[in-house]
Amino acid sequence: MKYLLFSTTSLAMIGAHCLPASAQADSEAELRQSTVTVTVQKREENLRDVPVSVSVVDSELLNDLGLDEFSDLARYVPGFEVQEQSPNNPGFVIRGITSDSGEANIEPRIAIFQDGVSISRSRGSIVELFDIERVEVAKGPQPTLFGRGALIGGVNVIQAKPEFDFSGEVTAGIGNLSERYLDGYVTGPITDKLAFRVAGRLRERDGYVESLNPAEEDFNSQDMKAVRASLAFEASDQLRFDLIANYQKDNPSGTSFKSKAFDPLPGRSSDPWEPANLNTFGDFLGGKKLGLEREVRSVTLLTDWTINDTLSLTSISGWRDFDSLEVFDPDGFGLDLLIFGEDATGEQLSQEFRLNYDDGGRVRGFVGASYLDEEGSQYVPLTFDERAVQALLGGFLVAPDAPDASDFPAINLTAYQQSGGTLVVPLKPIHNEQFTNYGDTQAIDLFADATVSVTDRLDLTGGVRYTTEDKTSGLLVELLNGPSALTGAGLFVQPSGGLIERSETFDDVTWRAAAKFELTDTVNLFANYARGRRPEVITASASAPAAGFAILDAEIVDAYEAGVKGAFLNGDLNFDASVFYYDYSNFQSTQITDDGLIEPINAGDATADGFEAQANWFASDWLNVVASYGYNHARFDDEPGASFGGNKLRLSPDHKAALSARVLLLDEGFGSVTIVPSYTWQSEVFFDNSQRDLISQDAYGLFNLNVQLELENGFGIEAYVNNMFGEEYIIDAGNTGDGFGIPTFISGTPTLYGARLRKSF
């Protein structure tokens, strides 16, 4: 019986080629952990030997637990959270630090990679986790390993490559909410030097928040199609090329931004998981419905050249672009009040060369250089009914019921009153504004990293990276049908008088140092220090563009960590634990202006300290248990003038835990039957840095169950239930409506269930 459930921890991950559980008695020297191979340090290594906290999730774990998305995967990885409002609007969080900005001129904090190519831009960072080898999550600053965007960590999605032996697999499934699922791959040789691989996935599911508006689909649906084609050319035993092309299209229904203050219809519940009444109006964008239209395309060329016994050269060439248009109702109820959109685009070219050295003894490492050319834009159209806006801001709109906008006064009451009741200024049922921010970056990086075995048991590692970047930010703000009758100028934004731009050049140096000590043959101690950097931001406010551009200082973090990784009980128990402390300077956050616009600010300093522990216990041939716990105390410093002094960092629970097991119920000649129960839990989380109790989610847990039948003829049947007990929770709160005093809330997924049939060949 092949074991299929693997820990998601930095120690207790077992690779795809692990030994059968029954092989333990055959060779105590062959520990399960010895098969774990990762490339987080840009070379293949035993995971236990990496002096960095790394979590690894491979394809079999994804299948066992039914993890199709980053947000599902993150529940099982200590110190890692992913909030996904939609595929266009994710938030990646590592040990309390969130990367989720959609502006084209703001840099991510967490580096997301696909086969070594950065996909960190928020609107293009969500990719389908299909036909992959593994996902590596490195926690803590990784300046020399993941580069300029890895302020607090990096995530690398490593896709399956073409093989020279023919094989394939196809899976089809159905489930509740009209789920339709199709997945598969095929790989094999074309010639003795050329191999191919083609893979794809389709996931469709109706929305789980019912729409009370017949013109809109049920909200929070899934509609994803992804395909990948790749070629491998082995010119010789020393030289291999991999060419990979990816395409993904997402077209889900609208996100259920739902108001708690105003009922969707008289007598209908305002709870986020109950039916919603959301809408567009005013022929917005030519009659676009609520929802997302998103496409992501990429081409990657990987080159690996073994020059001689000590030197090798690696090249990673990448082109990538995305475009996404999302339409959403930010007020969260049926009144024709606000309707917003976001049209984001991005394109990048990147090249990295890395010369690797390994003398087979005491010294190994690399030197390299990389270049990135990136440009993007974020266009935001806004439509208001001025009658409803006046009613809201003037206190005439009283919860919980909202009448039609036509029932509100159709003149500017402030102007009328100030003129003594003689000046009549009609309000516009349709007032249109828009703003677009632009970002253009050219960055060059030079880096080096080396490990020296000082003794047979002690390794010391050091690395440094120099970065220089030329950045240009632009902003264009327009009033499309004249000034607002309410203000005489803009309502949400103010015109910029044309495109305004500013260019600057920045550079900096980041570094890391680490040590690993082999306490015994199966237990390692490690410690590391690293400095991470989020580049400077050139920003201007769309609500006050006349103030010009400001530069937010680079965000710096100094991170310290120490821990233990080991295998015990003759390899039946893998365990690791670590403690960490992070010190942040110039923390770049956001705040809502008096005009209701979300804009970046320097929020001062912050600190985080925590503890993580994980265990993977092979209790017997039929039972494996995996457990993890993470504690993270991440707070803004309480200092004079601090915007959020003493507050908890957003999207960061203090406590997080996961427990899962794989139980072999039956193993006979025809096949095997297993069950995989799992439970994940997190403590209270706040959704903005102001830490208001209203904008938070109390502690909650989710229970999932998978049942698998594997047959000897290559067929397999799986049944699953996610959120079995129907836990009601939210994944976000506040949002754009918060700027108008009407925060909105997004429901988490309800109970989902289904079945899948698989055939391998």
# chains A, B, ... in the order shown; residues from 1 in each chain; ligands from 1

$ residues_around --residues "range 303-318 of chain A" --least-positions-apart "6" --cutoff "8 Å" --atoms "only C-alpha atoms" --output "PyMOL selection string"
chain A and resi 116-117+238-242+348-360

$ write_last_selection --atoms "C-alpha atoms" --output "PDB file, in the first residue's frame"
ATOM      1  CA  GLY A 116      10.803  30.248 -10.970  1.00  0.00           C
ATOM      2  CA  VAL A 117       8.959  33.011 -12.867  1.00  0.00           C
ATOM      3  CA  GLN A 238      24.159  17.476 -19.638  1.00  0.00           C
ATOM      4  CA  LEU A 239      21.667  19.809 -21.333  1.00  0.00           C
ATOM      5  CA  ARG A 240      17.854  19.979 -21.050  1.00  0.00           C
ATOM      6  CA  PHE A 241      15.288  22.556 -22.165  1.00  0.00           C
ATOM      7  CA  ASP A 242      11.682  22.763 -20.902  1.00  0.00           C
ATOM      8  CA  GLN A 348       6.196  41.293 -17.927  1.00  0.00           C
ATOM      9  CA  LEU A 349       9.390  39.915 -19.389  1.00  0.00           C
ATOM     10  CA  SER A 350      11.953  38.346 -17.098  1.00  0.00           C
ATOM     11  CA  GLN A 351      15.302  36.634 -17.407  1.00  0.00           C
ATOM     12  CA  GLU A 352      17.465  34.993 -14.762  1.00  0.00           C
ATOM     13  CA  PHE A 353      20.881  33.371 -15.126  1.00  0.00           C
ATOM     14  CA  ARG A 354      22.383  31.417 -12.258  1.00  0.00           C
ATOM     15  CA  LEU A 355      25.799  29.752 -12.149  1.00  0.00           C
ATOM     16  CA  ASN A 356      25.787  26.955  -9.594  1.00  0.00           C
ATOM     17  CA  TYR A 357      28.842  25.496  -7.858  1.00  0.00           C
ATOM     18  CA  ASP A 358      29.075  22.245  -5.917  1.00  0.00           C
ATOM     19  CA  ASP A 359      32.453  20.619  -5.321  1.00  0.00           C
ATOM     20  CA  GLY A 360      30.784  17.546  -3.855  1.00  0.00           C
TER      21      GLY A 360
END

$ closest_atom_pairs --of "range 495-598 of chain A" --to "range 453-457 of chain A" --cutoff "10 Å" --atoms "only C-alpha atoms" --output "CSV"
residue,atom,partner,partner_atom,distance
A:Ala515,CA,A:Ser453,CA,9.8
A:Lys516,CA,A:Arg457,CA,7.9
A:Phe517,CA,A:Arg457,CA,5.5
A:Glu518,CA,A:Arg457,CA,4.9
A:Leu519,CA,A:Arg457,CA,7.5
A:Thr520,CA,A:Arg457,CA,8.6
A:Asp521,CA,A:Arg457,CA,9.0
A:Asn524,CA,A:Arg457,CA,9.0

$ write_last_selection --atoms "N, CA and C atoms" --output "PDB file, in the first residue's frame"
ATOM      1  N   ALA A 515      22.596  28.969   9.766  1.00  0.00           N
ATOM      2  CA  ALA A 515      23.460  27.889  10.248  1.00  0.00           C
ATOM      3  C   ALA A 515      22.622  26.652  10.477  1.00  0.00           C
ATOM      4  N   LYS A 516      23.211  25.492  10.177  1.00  0.00           N
ATOM      5  CA  LYS A 516      22.577  24.204  10.441  1.00  0.00           C
ATOM      6  C   LYS A 516      23.578  23.324  11.163  1.00  0.00           C
ATOM      7  N   PHE A 517      23.129  22.722  12.272  1.00  0.00           N
ATOM      8  CA  PHE A 517      23.994  21.836  13.042  1.00  0.00           C
ATOM      9  C   PHE A 517      23.314  20.488  13.193  1.00  0.00           C
ATOM     10  N   GLU A 518      23.998  19.413  12.773  1.00  0.00           N
ATOM     11  CA  GLU A 518      23.460  18.062  12.898  1.00  0.00           C
ATOM     12  C   GLU A 518      23.705  17.558  14.315  1.00  0.00           C
ATOM     13  N   LEU A 519      22.676  17.657  15.135  1.00  0.00           N
ATOM     14  CA  LEU A 519      22.792  17.214  16.514  1.00  0.00           C
ATOM     15  C   LEU A 519      22.997  15.713  16.576  1.00  0.00           C
ATOM     16  N   THR A 520      22.235  14.997  15.750  1.00  0.00           N
ATOM     17  CA  THR A 520      22.427  13.560  15.565  1.00  0.00           C
ATOM     18  C   THR A 520      22.277  13.277  14.074  1.00  0.00           C
ATOM     19  N   ASP A 521      22.327  12.019  13.696  1.00  0.00           N
ATOM     20  CA  ASP A 521      22.163  11.683  12.288  1.00  0.00           C
ATOM     21  C   ASP A 521      20.765  11.984  11.776  1.00  0.00           C
ATOM     22  N   ASN A 524      18.396  17.877  13.275  1.00  0.00           N
ATOM     23  CA  ASN A 524      19.154  19.082  12.950  1.00  0.00           C
ATOM     24  C   ASN A 524      18.622  20.275  13.722  1.00  0.00           C
TER      25      ASN A 524
END

$ closest_residue --among "A:Phe113, A:Phe745, A:Phe130, A:Phe435" --to "Ala540 in chain A" --atoms "only C-alpha atoms"
A:Phe435

$ select_by_dssp --residues "range 24-272 of chain A" --states "helix (DSSP H, G or I)" --output "NGL selection string"
:A and (24-26 or 32-35 or 47-49 or 59-65 or 70-74 or 122-124)

$ closest_atom_pairs --of "range 362-421 of chain A" --to "range 426-430 of chain A" --cutoff "7 Å" --atoms "only C-alpha atoms" --output "Markdown table"
| residue | atom | partner | partner_atom | distance |
| --- | --- | --- | --- | --- |
| A:Thr383 | CA | A:Ile430 | CA | 6.5 |
| A:Phe384 | CA | A:Ile430 | CA | 5.8 |
| A:Asp385 | CA | A:Pro429 | CA | 4.5 |
| A:Glu386 | CA | A:Lys428 | CA | 5.5 |
| A:Arg387 | CA | A:Leu427 | CA | 6.1 |
| A:Ala410 | CA | A:Leu427 | CA | 5.3 |
| A:Ile411 | CA | A:Pro426 | CA | 4.3 |
| A:Asn412 | CA | A:Leu427 | CA | 6.2 |

$ residues_around --residues "Ala719 in chain A" --least-positions-apart "3" --cutoff "6 Å" --atoms "only C-alpha atoms" --output "PyMOL selection string"
chain A and resi 706-707+754-755

$ closest_residue --among "A:Asn88, A:Ile97, A:Ala138, A:Val363" --to "His633 in chain A" --atoms "only C-alpha atoms"
A:Ile97

$ residues_around --residues "range 723-726 of chain A" --least-positions-apart "3" --cutoff "7 Å" --atoms "only C-alpha atoms" --output "PDB file with N, CA and C atoms, in the first residue's frame"
ATOM      1  N   LEU A 702     -13.285  24.046  10.478  1.00  0.00           N
ATOM      2  CA  LEU A 702     -13.933  23.351   9.369  1.00  0.00           C
ATOM      3  C   LEU A 702     -13.511  21.894   9.360  1.00  0.00           C
ATOM      4  N   PHE A 703     -14.492  21.001   9.162  1.00  0.00           N
ATOM      5  CA  PHE A 703     -14.223  19.564   9.093  1.00  0.00           C
ATOM      6  C   PHE A 703     -14.508  19.065   7.680  1.00  0.00           C
ATOM      7  N   ASN A 704     -13.533  18.379   7.098  1.00  0.00           N
ATOM      8  CA  ASN A 704     -13.668  17.799   5.756  1.00  0.00           C
ATOM      9  C   ASN A 704     -13.468  16.294   5.823  1.00  0.00           C
ATOM     10  N   PRO A 750     -20.186  27.178   2.039  1.00  0.00           N
ATOM     11  CA  PRO A 750     -21.014  26.293   2.852  1.00  0.00           C
ATOM     12  C   PRO A 750     -20.570  24.844   2.658  1.00  0.00           C
ATOM     13  N   THR A 751     -21.411  23.897   3.036  1.00  0.00           N
ATOM     14  CA  THR A 751     -21.123  22.483   2.816  1.00  0.00           C
ATOM     15  C   THR A 751     -21.116  22.182   1.316  1.00  0.00           C
ATOM     16  N   LEU A 752     -20.023  21.590   0.857  1.00  0.00           N
ATOM     17  CA  LEU A 752     -19.886  21.173  -0.538  1.00  0.00           C
ATOM     18  C   LEU A 752     -19.582  19.686  -0.562  1.00  0.00           C
TER      19      LEU A 752
END

$ closest_residue --among "A:Ala485, A:Leu151, A:Val227, A:Leu446" --to "Tyr466 in chain A" --atoms "only C-alpha atoms"
A:Leu446

$ residues_around --residues "Leu460 in chain A" --least-positions-apart "5" --cutoff "6 Å" --atoms "only C-alpha atoms" --output "list in words"
Thr451, Val452, Ala514 and Ala515 of chain A

$ write_last_selection --atoms "N, CA and C atoms" --output "PDB file, in the first residue's frame"
ATOM      1  N   THR A 451      26.977  28.017   0.778  1.00  0.00           N
ATOM      2  CA  THR A 451      26.978  27.213   1.994  1.00  0.00           C
ATOM      3  C   THR A 451      28.332  26.535   2.127  1.00  0.00           C
ATOM      4  N   VAL A 452      28.911  26.631   3.325  1.00  0.00           N
ATOM      5  CA  VAL A 452      30.206  26.016   3.607  1.00  0.00           C
ATOM      6  C   VAL A 452      30.035  25.032   4.762  1.00  0.00           C
ATOM      7  N   ALA A 514      22.611  31.949   7.758  1.00  0.00           N
ATOM      8  CA  ALA A 514      21.956  30.798   8.381  1.00  0.00           C
ATOM      9  C   ALA A 514      22.995  29.778   8.812  1.00  0.00           C
ATOM     10  N   ALA A 515      22.596  28.969   9.766  1.00  0.00           N
ATOM     11  CA  ALA A 515      23.460  27.889  10.248  1.00  0.00           C
ATOM     12  C   ALA A 515      22.622  26.652  10.477  1.00  0.00           C
TER      13      ALA A 515
END

$ residues_around --residues "Ser696 in chain A" --least-positions-apart "3" --cutoff "12 Å" --atoms "only C-alpha atoms" --output "list in words"
Lys648, Leu649, Arg650, Leu651, Ser652, Pro653, Ser683, Glu684, Val685, Phe686, Phe687, Asp688, Asn689, Ser690, Gln691, Arg692, Asp693, Ala699, Tyr700, Tyr729, Ile730, Ile731, Asp732, Ala733, Gly734, Pro743, Thr744, Phe745 and Ile746 of chain A

$ write_last_selection --atoms "C-alpha atoms" --output "PDB file, in the first residue's frame"
ATOM      1  CA  LYS A 648      -3.305  43.381  15.398  1.00  0.00           C
ATOM      2  CA  LEU A 649      -2.241  43.072  11.767  1.00  0.00           C
ATOM      3  CA  ARG A 650      -5.114  42.292   9.420  1.00  0.00           C
ATOM      4  CA  LEU A 651      -5.860  38.760   8.161  1.00  0.00           C
ATOM      5  CA  SER A 652      -3.562  37.363  10.866  1.00  0.00           C
ATOM      6  CA  PRO A 653      -5.030  34.990  13.471  1.00  0.00           C
ATOM      7  CA  SER A 683      -8.705  32.113  16.135  1.00  0.00           C
ATOM      8  CA  GLU A 684     -10.303  35.523  15.633  1.00  0.00           C
ATOM      9  CA  VAL A 685      -9.105  37.514  12.630  1.00  0.00           C
ATOM     10  CA  PHE A 686      -9.544  41.206  11.807  1.00  0.00           C
ATOM     11  CA  PHE A 687     -10.096  42.367   8.245  1.00  0.00           C
ATOM     12  CA  ASP A 688      -8.547  45.812   8.480  1.00  0.00           C
ATOM     13  CA  ASN A 689      -5.784  47.352  10.533  1.00  0.00           C
ATOM     14  CA  SER A 690      -8.157  49.628  12.465  1.00  0.00           C
ATOM     15  CA  GLN A 691      -9.187  46.455  14.352  1.00  0.00           C
ATOM     16  CA  ARG A 692     -12.867  47.204  14.799  1.00  0.00           C
ATOM     17  CA  ASP A 693     -14.863  44.363  16.317  1.00  0.00           C
ATOM     18  CA  ALA A 699     -12.684  31.713  15.866  1.00  0.00           C
ATOM     19  CA  TYR A 700     -14.035  28.850  13.770  1.00  0.00           C
ATOM     20  CA  TYR A 729     -18.244  32.283   8.594  1.00  0.00           C
ATOM     21  CA  ILE A 730     -17.004  35.231   6.565  1.00  0.00           C
ATOM     22  CA  ILE A 731     -13.779  35.591   4.602  1.00  0.00           C
ATOM     23  CA  ASP A 732     -13.746  39.397   4.448  1.00  0.00           C
ATOM     24  CA  ALA A 733     -15.480  42.484   5.814  1.00  0.00           C
ATOM     25  CA  GLY A 734     -15.332  46.229   5.292  1.00  0.00           C
ATOM     26  CA  PRO A 743     -19.249  47.985   5.304  1.00  0.00           C
ATOM     27  CA  THR A 744     -19.940  44.804   3.379  1.00  0.00           C
ATOM     28  CA  PHE A 745     -19.314  41.155   4.246  1.00  0.00           C
ATOM     29  CA  ILE A 746     -18.374  38.119   2.137  1.00  0.00           C
TER      30      ILE A 746
END

$ closest_residue --among "A:Ala415, A:Leu61, A:Ala530, A:Val380" --to "Ala542 in chain A" --atoms "only C-alpha atoms"
A:Val380

$ closest_residue --among "A:Ser270, A:Gln434, A:Gln708, A:Gln41" --to "Gly671 in chain A" --atoms "only C-alpha atoms"
A:Gln708

$ residues_around --residues "Asp576 in chain A" --least-positions-apart "2" --cutoff "10 Å" --atoms "only C-alpha atoms" --output "PDB file with C-alpha atoms, in the first residue's frame"
ATOM      1  CA  THR A   9       5.266  21.181   7.412  1.00  0.00           C
ATOM      2  CA  SER A  10       8.892  22.064   7.002  1.00  0.00           C
ATOM      3  CA  LEU A  11       9.945  18.694   8.372  1.00  0.00           C
ATOM      4  CA  ALA A  12       7.169  16.210   8.000  1.00  0.00           C
ATOM      5  CA  ARG A  48      15.752  18.419   6.758  1.00  0.00           C
ATOM      6  CA  SER A  53      11.196  27.145   7.472  1.00  0.00           C
ATOM      7  CA  VAL A 523      18.029  15.652  14.161  1.00  0.00           C
ATOM      8  CA  ASN A 524      19.154  19.082  12.950  1.00  0.00           C
ATOM      9  CA  LEU A 525      19.187  22.444  14.691  1.00  0.00           C
ATOM     10  CA  GLY A 563      14.358  25.708  15.347  1.00  0.00           C
ATOM     11  CA  VAL A 564      14.754  21.976  15.223  1.00  0.00           C
ATOM     12  CA  LYS A 565      13.948  19.427  12.500  1.00  0.00           C
ATOM     13  CA  GLY A 566      14.156  15.750  13.273  1.00  0.00           C
ATOM     14  CA  ALA A 567      13.006  12.188  12.716  1.00  0.00           C
ATOM     15  CA  ASN A 574       8.812  13.455  12.038  1.00  0.00           C
ATOM     16  CA  SER A 578      10.711  26.944  15.490  1.00  0.00           C
ATOM     17  CA  GLU A 612       5.238  26.853  15.070  1.00  0.00           C
ATOM     18  CA  ALA A 613       5.287  23.101  15.606  1.00  0.00           C
ATOM     19  CA  GLN A 614       4.356  20.201  13.353  1.00  0.00           C
ATOM     20  CA  ALA A 615       4.304  16.449  13.674  1.00  0.00           C
ATOM     21  CA  ASN A 616       3.750  13.608  11.226  1.00  0.00           C
ATOM     22  CA  SER A 628       0.320  21.394  13.216  1.00  0.00           C
TER      23      SER A 628
END

$ select_by_dssp --residues "range 411-496 of chain A" --states "strand (DSSP E)" --output "mmCIF file with N, CA and C atoms, in the first residue's frame"
data_model
loop_
_atom_site.group_PDB
_atom_site.id
_atom_site.type_symbol
_atom_site.label_atom_id
_atom_site.label_comp_id
_atom_site.auth_asym_id
_atom_site.auth_seq_id
_atom_site.Cartn_x
_atom_site.Cartn_y
_atom_site.Cartn_z
ATOM 1 N N HIS A 431 -24.029 59.647 -12.446
ATOM 2 C CA HIS A 431 -22.812 60.457 -12.417
ATOM 3 C C HIS A 431 -21.627 59.509 -12.558
ATOM 4 N N ASN A 432 -20.756 59.763 -13.546
ATOM 5 C CA ASN A 432 -19.661 58.855 -13.876
ATOM 6 C C ASN A 432 -18.307 59.508 -13.628
ATOM 7 N N GLU A 433 -17.457 58.783 -12.899
ATOM 8 C CA GLU A 433 -16.077 59.180 -12.670
ATOM 9 C C GLU A 433 -15.179 57.980 -12.967
ATOM 10 N N GLN A 434 -13.888 58.239 -13.105
ATOM 11 C CA GLN A 434 -12.959 57.129 -13.296
ATOM 12 C C GLN A 434 -11.549 57.580 -12.951
ATOM 13 N N PHE A 435 -10.742 56.619 -12.542
ATOM 14 C CA PHE A 435 -9.318 56.886 -12.376
ATOM 15 C C PHE A 435 -8.531 55.667 -12.829
ATOM 16 N N THR A 436 -7.309 55.927 -13.282
ATOM 17 C CA THR A 436 -6.409 54.869 -13.739
ATOM 18 C C THR A 436 -5.029 55.123 -13.168
ATOM 19 N N ASN A 437 -4.470 54.103 -12.514
ATOM 20 C CA ASN A 437 -3.075 54.215 -12.093
ATOM 21 C C ASN A 437 -2.220 53.305 -12.962
ATOM 22 N N TYR A 438 -0.995 53.750 -13.183
ATOM 23 C CA TYR A 438 -0.075 53.044 -14.068
ATOM 24 C C TYR A 438 1.225 52.761 -13.311
ATOM 25 N N GLY A 439 1.839 51.651 -13.654
ATOM 26 C CA GLY A 439 3.140 51.325 -13.092
ATOM 27 C C GLY A 439 4.048 50.733 -14.144
ATOM 28 N N ASP A 440 5.320 51.157 -14.133
ATOM 29 C CA ASP A 440 6.309 50.664 -15.098
ATOM 30 C C ASP A 440 7.616 50.496 -14.344
ATOM 31 N N THR A 441 8.178 49.282 -14.370
ATOM 32 C CA THR A 441 9.384 48.980 -13.608
ATOM 33 C C THR A 441 10.378 48.212 -14.457
ATOM 34 N N GLN A 442 11.636 48.643 -14.395
ATOM 35 C CA GLN A 442 12.751 47.855 -14.916
ATOM 36 C C GLN A 442 13.714 47.628 -13.751
ATOM 37 N N ALA A 443 13.958 46.369 -13.435
ATOM 38 C CA ALA A 443 14.780 46.033 -12.270
ATOM 39 C C ALA A 443 15.897 45.088 -12.672
ATOM 40 N N ILE A 444 17.079 45.338 -12.117
ATOM 41 C CA ILE A 444 18.231 44.465 -12.296
ATOM 42 C C ILE A 444 18.683 43.998 -10.919
ATOM 43 N N ASP A 445 18.908 42.698 -10.787
ATOM 44 C CA ASP A 445 19.355 42.114 -9.529
ATOM 45 C C ASP A 445 20.658 41.360 -9.754
ATOM 46 N N LEU A 446 21.587 41.509 -8.827
ATOM 47 C CA LEU A 446 22.810 40.714 -8.765
ATOM 48 C C LEU A 446 22.817 40.016 -7.420
ATOM 49 N N PHE A 447 23.084 38.710 -7.392
ATOM 50 C CA PHE A 447 22.958 37.987 -6.134
ATOM 51 C C PHE A 447 23.972 36.850 -6.057
ATOM 52 N N ALA A 448 24.258 36.463 -4.824
ATOM 53 C CA ALA A 448 25.161 35.343 -4.563
ATOM 54 C C ALA A 448 24.756 34.694 -3.257
ATOM 55 N N ASP A 449 24.945 33.389 -3.174
ATOM 56 C CA ASP A 449 24.563 32.629 -1.979
ATOM 57 C C ASP A 449 25.469 31.410 -1.896
ATOM 58 N N ALA A 450 25.991 31.130 -0.706
ATOM 59 C CA ALA A 450 26.926 30.011 -0.569
ATOM 60 C C ALA A 450 26.750 29.333 0.778
ATOM 61 N N THR A 451 26.977 28.017 0.778
ATOM 62 C CA THR A 451 26.978 27.213 1.994
ATOM 63 C C THR A 451 28.332 26.535 2.127
ATOM 64 N N VAL A 452 28.911 26.631 3.325
ATOM 65 C CA VAL A 452 30.206 26.016 3.607
ATOM 66 C C VAL A 452 30.035 25.032 4.762
ATOM 67 N N SER A 453 30.468 23.794 4.562
ATOM 68 C CA SER A 453 30.460 22.802 5.632
ATOM 69 C C SER A 453 31.726 22.993 6.457
ATOM 70 N N LEU A 458 28.412 20.887 10.903
ATOM 71 C CA LEU A 458 28.048 22.303 10.940
ATOM 72 C C LEU A 458 28.168 22.925 9.558
ATOM 73 N N ASP A 459 27.046 23.488 9.069
ATOM 74 C CA ASP A 459 27.011 24.233 7.809
ATOM 75 C C ASP A 459 26.681 25.688 8.097
ATOM 76 N N LEU A 460 27.398 26.592 7.445
ATOM 77 C CA LEU A 460 27.111 28.021 7.517
ATOM 78 C C LEU A 460 26.739 28.519 6.124
ATOM 79 N N THR A 461 25.689 29.340 6.061
ATOM 80 C CA THR A 461 25.183 29.841 4.785
ATOM 81 C C THR A 461 25.096 31.356 4.836
ATOM 82 N N GLY A 462 25.450 31.992 3.741
ATOM 83 C CA GLY A 462 25.319 33.437 3.638
ATOM 84 C C GLY A 462 24.953 33.828 2.228
ATOM 85 N N GLY A 463 24.204 34.918 2.088
ATOM 86 C CA GLY A 463 23.810 35.379 0.768
ATOM 87 C C GLY A 463 23.555 36.866 0.760
ATOM 88 N N VAL A 464 23.705 37.495 -0.405
ATOM 89 C CA VAL A 464 23.493 38.928 -0.549
ATOM 90 C C VAL A 464 22.876 39.195 -1.918
ATOM 91 N N ARG A 465 22.024 40.221 -1.995
ATOM 92 C CA ARG A 465 21.400 40.618 -3.254
ATOM 93 C C ARG A 465 21.429 42.137 -3.362
ATOM 94 N N TYR A 466 21.879 42.610 -4.516
ATOM 95 C CA TYR A 466 21.815 44.040 -4.834
ATOM 96 C C TYR A 466 20.738 44.243 -5.885
ATOM 97 N N THR A 467 19.863 45.223 -5.640
ATOM 98 C CA THR A 467 18.750 45.509 -6.540
ATOM 99 C C THR A 467 18.768 46.973 -6.925
ATOM 100 N N THR A 468 18.606 47.236 -8.206
ATOM 101 C CA THR A 468 18.375 48.598 -8.678
ATOM 102 C C THR A 468 17.158 48.580 -9.585
ATOM 103 N N GLU A 469 16.320 49.595 -9.458
ATOM 104 C CA GLU A 469 15.073 49.599 -10.206
ATOM 105 C C GLU A 469 14.710 51.018 -10.637
ATOM 106 N N ASP A 470 14.308 51.130 -11.864
ATOM 107 C CA ASP A 470 13.756 52.369 -12.410
ATOM 108 C C ASP A 470 12.250 52.225 -12.436
ATOM 109 N N LYS A 471 11.559 53.134 -11.725
ATOM 110 C CA LYS A 471 10.114 53.004 -11.588
ATOM 111 C C LYS A 471 9.427 54.286 -12.037
ATOM 112 N N THR A 472 8.310 54.113 -12.727
ATOM 113 C CA THR A 472 7.467 55.231 -13.133
ATOM 114 C C THR A 472 6.041 54.957 -12.691
ATOM 115 N N SER A 473 5.438 55.933 -12.038
ATOM 116 C CA SER A 473 4.030 55.842 -11.640
ATOM 117 C C SER A 473 3.243 56.922 -12.363
ATOM 118 N N GLY A 474 2.049 56.576 -12.762
ATOM 119 C CA GLY A 474 1.181 57.536 -13.433
ATOM 120 C C GLY A 474 -0.228 57.492 -12.871
ATOM 121 N N LEU A 475 -0.945 58.601 -13.015
ATOM 122 C CA LEU A 475 -2.326 58.678 -12.536
ATOM 123 C C LEU A 475 -3.124 59.588 -13.460
ATOM 124 N N LEU A 476 -4.290 59.115 -13.847
ATOM 125 C CA LEU A 476 -5.223 59.895 -14.647
ATOM 126 C C LEU A 476 -6.590 59.803 -13.991
ATOM 127 N N VAL A 477 -7.176 60.953 -13.630
ATOM 128 C CA VAL A 477 -8.488 61.002 -12.981
ATOM 129 C C VAL A 477 -9.396 61.902 -13.813
ATOM 130 N N GLU A 478 -10.603 61.408 -14.128
ATOM 131 C CA GLU A 478 -11.514 62.143 -15.000
ATOM 132 C C GLU A 478 -12.944 62.096 -14.469
ATOM 133 N N LEU A 479 -13.666 63.176 -14.707
ATOM 134 C CA LEU A 479 -15.117 63.232 -14.485
ATOM 135 C C LEU A 479 -15.760 63.139 -15.854
#

$ atom_distance --atom1 "CA of Leu665 in chain A" --atom2 "CA of Arg758 in chain A"
19.9 Å

$ atom_distance --atom1 "CA of Tyr371 in chain A" --atom2 "CA of Val93 in chain A"
26.1 Å

$ decode --residues "range 747-761 of chain A" --atoms "C-alpha atoms" --output "PDB file, in the first residue's frame"
ATOM      1  CA  SER A 747     -19.550  34.657   3.131  1.00  0.00           C
ATOM      2  CA  GLY A 748     -17.243  31.657   3.281  1.00  0.00           C
ATOM      3  CA  THR A 749     -18.179  28.449   1.489  1.00  0.00           C
ATOM      4  CA  PRO A 750     -21.014  26.293   2.852  1.00  0.00           C
ATOM      5  CA  THR A 751     -21.123  22.483   2.816  1.00  0.00           C
ATOM      6  CA  LEU A 752     -19.886  21.173  -0.538  1.00  0.00           C
ATOM      7  CA  TYR A 753     -19.932  17.537  -1.575  1.00  0.00           C
ATOM      8  CA  GLY A 754     -19.419  15.439  -4.644  1.00  0.00           C
ATOM      9  CA  ALA A 755     -17.853  12.382  -6.259  1.00  0.00           C
ATOM     10  CA  ARG A 756     -15.076  11.867  -8.808  1.00  0.00           C
ATOM     11  CA  LEU A 757     -14.099   8.964 -11.034  1.00  0.00           C
ATOM     12  CA  ARG A 758     -10.462   8.581 -12.107  1.00  0.00           C
ATOM     13  CA  LYS A 759      -8.654   6.397 -14.608  1.00  0.00           C
ATOM     14  CA  SER A 760      -4.860   6.160 -14.841  1.00  0.00           C
ATOM     15  CA  PHE A 761      -3.014   4.650 -17.766  1.00  0.00           C
TER      16      PHE A 761
END
